[in-house]
Amino acid sequence: MVDLNDSVWRGLDSAGGNAAEALRRVLEGGGAFRENMAILGENLSHQLTWYSATACVLPHLAALCPRLSPADRMFLIAQMGPAAAAEAEWPLSPGTDVYREFYEGINGLRPVVKDLIQNHMDVLTAASEADRAMFALGALAFLGNRRRAYALWHLSGYCWEEGPAACSCGWECELFDLTADSEYLEAADIAPWDGKSLKDEAVWLNGLLSRLGVEEIPLPRLYGTAACPECGKREPYWTMFDCYWKAE
Ligand SMILES: [Zn+2]
């Protein structure tokens, strides 16, 4: 963990500058925790970009969690989800100091997220709708596929109504309707979730969204099967999304 007074912080970037000061306010801010946490989260995830200060902030937040209420821990995970997920698009090099800090933070926060999901569903369901949706995507960023979590934040920019796709045949840059099944996009039949297991990503994420009452995210279609309007090839929607992403 990098000390808040270490000169290392001056070489790390964040959207608002001086991430160490924003972190200090979170750690010492007392009653203003959520306000300070929201400022730190925005500082590190502005425009869904990766900021290197995130790597050194995460271990401090993991160490803070035992002193927070479950509701504040949920808020922390929701705020830091986009910042952590962005690493998937700007991957850190193994062996570097920031890489070690990042994984120290991720590994420290994973049990926090698991505990919230498995033992504090009453707290999660009592949060605001926006916080419930952000927490679910944050949970994916910390427990599962960070790239997929990042893609879901990207898709939230389309208000969950349309999803971009492209095909290896060269067809690209079209939007699939995510609001209804169509000949081009068929929803996956996702098995029910037992409320505990975190093994199958589509199952637990879909189950978590459902228990949290987050209805706007069309997960079965996003984990469903798409068909290319040009060549007719059928493959997972995520494969066609990745193809669009690569072409960007
Ligand atoms: Zn095609």
# chains A, B, ... in the order shown; residues from 1 in each chain; ligands from 1
$ residues_near_ligand --ligand "ligand 1" --cutoff "12 Å" --atoms "only C-alpha atoms and all ligand atoms" --output "PyMOL selection string"
chain A and resi 165-174+184+226-235+239-240+243-244
$ select_by_dssp --residues "range 9-174 of chain A" --states "alpha helix (DSSP H)" --output "short mmCIF file (atom, residue, chain, number, x, y, z; two decimals) with C-alpha atoms, in the first residue's frame"
data_model
loop_
_atom_site.label_atom_id
_atom_site.label_comp_id
_atom_site.auth_asym_id
_atom_site.auth_seq_id
_atom_site.Cartn_x
_atom_site.Cartn_y
_atom_site.Cartn_z
CA ALA A 19 -6.25 11.67 -5.98
CA ALA A 20 -4.30 11.29 -2.71
CA GLU A 21 -6.11 14.33 -1.24
CA ALA A 22 -9.52 13.03 -2.40
CA LEU A 23 -8.64 9.65 -0.85
CA ARG A 24 -7.51 11.30 2.40
CA ARG A 25 -10.93 12.96 2.72
CA VAL A 26 -12.63 9.56 2.23
CA LEU A 27 -10.43 7.93 4.87
CA GLU A 28 -10.75 10.76 7.40
CA PHE A 33 -18.17 9.62 3.65
CA ARG A 34 -20.61 9.24 0.75
CA GLU A 35 -20.05 12.74 -0.56
CA ASN A 36 -16.26 12.26 -0.43
CA MET A 37 -16.52 8.75 -1.91
CA ALA A 38 -18.63 10.02 -4.84
CA ILE A 39 -16.02 12.72 -5.56
CA LEU A 40 -13.20 10.15 -5.47
CA GLY A 41 -15.14 7.73 -7.72
CA GLU A 42 -15.83 10.47 -10.29
CA ASN A 43 -12.21 11.59 -10.11
CA LEU A 44 -11.12 8.05 -11.09
CA SER A 45 -13.76 7.10 -13.66
CA ALA A 53 -4.17 6.54 -9.32
CA THR A 54 -7.00 3.95 -9.15
CA ALA A 55 -4.39 1.21 -8.64
CA CYS A 56 -2.97 2.87 -5.50
CA VAL A 57 -6.37 3.98 -4.15
CA LEU A 58 -7.93 0.48 -4.13
CA PRO A 59 -5.75 -1.09 -1.36
CA HIS A 60 -6.57 1.85 0.95
CA LEU A 61 -10.30 1.37 0.29
CA ALA A 62 -10.02 -2.38 0.94
CA ALA A 63 -8.36 -1.60 4.29
CA LEU A 64 -11.11 0.92 5.11
CA PRO A 70 -22.56 -2.69 4.90
CA ALA A 71 -24.55 0.14 3.24
CA ASP A 72 -21.42 2.31 2.94
CA ARG A 73 -19.40 -0.66 1.65
CA MET A 74 -22.04 -1.15 -1.05
CA PHE A 75 -21.78 2.54 -1.96
CA LEU A 76 -17.97 2.26 -2.18
CA ILE A 77 -18.16 -0.74 -4.57
CA ALA A 78 -20.78 1.03 -6.72
CA GLN A 79 -18.61 4.17 -6.97
CA MET A 80 -15.35 2.32 -7.75
CA GLY A 81 -16.77 -0.20 -10.26
CA PRO A 82 -16.23 1.87 -13.43
CA ALA A 83 -12.71 2.91 -12.33
CA ALA A 84 -11.68 -0.71 -11.70
CA ALA A 85 -13.40 -2.02 -14.86
CA ASP A 97 4.36 -1.46 -8.93
CA VAL A 98 0.95 -0.21 -10.09
CA TYR A 99 0.03 -3.75 -11.20
CA ARG A 100 0.84 -5.07 -7.69
CA GLU A 101 -1.14 -2.25 -6.06
CA PHE A 102 -4.11 -2.81 -8.36
CA TYR A 103 -4.33 -6.53 -7.57
CA GLU A 104 -3.75 -5.96 -3.87
CA GLY A 105 -6.83 -3.72 -4.01
CA ILE A 106 -8.93 -6.06 -6.19
CA ASN A 107 -8.06 -9.07 -4.01
CA GLY A 108 -8.85 -7.08 -0.86
CA LEU A 109 -12.24 -5.93 -2.14
CA ARG A 110 -13.41 -9.28 -3.60
CA PRO A 111 -14.38 -10.78 -0.21
CA VAL A 112 -16.18 -7.51 0.62
CA VAL A 113 -18.33 -7.80 -2.52
CA LYS A 114 -18.99 -11.52 -1.92
CA ASP A 115 -20.04 -10.87 1.68
CA LEU A 116 -22.43 -8.11 0.59
CA ILE A 117 -24.07 -10.36 -2.01
CA GLN A 118 -24.25 -13.48 0.12
CA ASN A 119 -25.05 -12.00 3.54
CA MET A 121 -29.16 -8.67 0.46
CA ASP A 122 -31.51 -6.70 2.75
CA VAL A 123 -29.05 -3.77 2.72
CA LEU A 124 -28.53 -4.00 -1.05
CA THR A 125 -32.25 -3.97 -1.85
CA ALA A 126 -32.80 -0.94 0.42
CA GLU A 129 -32.28 2.20 -7.84
CA ALA A 130 -29.22 3.93 -9.31
CA ASP A 131 -26.98 2.57 -6.53
CA ARG A 132 -28.41 -0.94 -6.94
CA ALA A 133 -27.63 -0.97 -10.68
CA MET A 134 -24.15 0.50 -10.15
CA PHE A 135 -23.42 -2.00 -7.39
CA ALA A 136 -24.35 -4.96 -9.62
CA LEU A 137 -22.01 -3.76 -12.39
CA GLY A 138 -19.35 -2.99 -9.77
CA ALA A 139 -19.71 -6.53 -8.42
CA LEU A 140 -18.98 -7.84 -11.92
CA ALA A 141 -15.91 -5.57 -12.16
CA PHE A 142 -14.49 -6.95 -8.90
CA LEU A 143 -15.62 -10.59 -9.04
CA ARG A 146 -13.79 -6.62 -15.95
CA ARG A 147 -13.94 -6.22 -19.71
CA ARG A 148 -17.60 -7.28 -19.70
CA ALA A 149 -18.29 -4.88 -16.83
CA TYR A 150 -16.65 -2.10 -18.83
CA ALA A 151 -18.76 -3.04 -21.88
CA LEU A 152 -21.92 -2.89 -19.75
CA TRP A 153 -21.04 0.64 -18.61
CA HIS A 154 -20.45 1.57 -22.24
CA LEU A 155 -23.87 0.11 -23.13
CA SER A 156 -25.56 2.08 -20.34
#
$ closest_residue --among "A:Trp160, A:Leu68, A:Ser7, A:Gly144" --to "Leu205 in chain A" --atoms "only C-alpha atoms"
A:Gly144
$ select_by_dssp --residues "range 39-244 of chain A" --states "strand (DSSP E or B)" --output "list in words"
Glu162, Gly163, Pro164, Ala165, Glu174, Leu175, Phe176, Asp177, Ser182, Leu185, Glu186, Thr225, Ala226, Ala227, Arg234, Glu235 and Pro236 of chain A
$ atom_distance --atom1 "CA of Ser14 in chain A" --atom2 "CA of Pro164 in chain A"
28.7 Å
$ atom_distance --atom1 "CA of Ala15 in chain A" --atom2 "CA of Glu87 in chain A"
14.9 Å
$ atom_distance --atom1 "CA of Glu161 in chain A" --atom2 "CA of Asp177 in chain A"
6.2 Å
$ residues_around --residues "range 186-199 of chain A" --least-positions-apart "3" --cutoff "7 Å" --atoms "only C-alpha atoms" --output "JSON, numbers by chain"
{"A": [118, 181, 182, 202, 203, 204, 207, 220, 221, 223, 224, 225, 226]}
$ closest_residue --among "A:Asp200, A:Leu178, A:Thr49, A:Val8" --to "Leu219 in chain A" --atoms "only C-alpha atoms"
A:Leu178
$ closest_residue --among "A:Gly11, A:Pro218, A:Gly95, A:Pro236" --to "Cys159 in chain A" --atoms "only C-alpha atoms"
A:Pro218
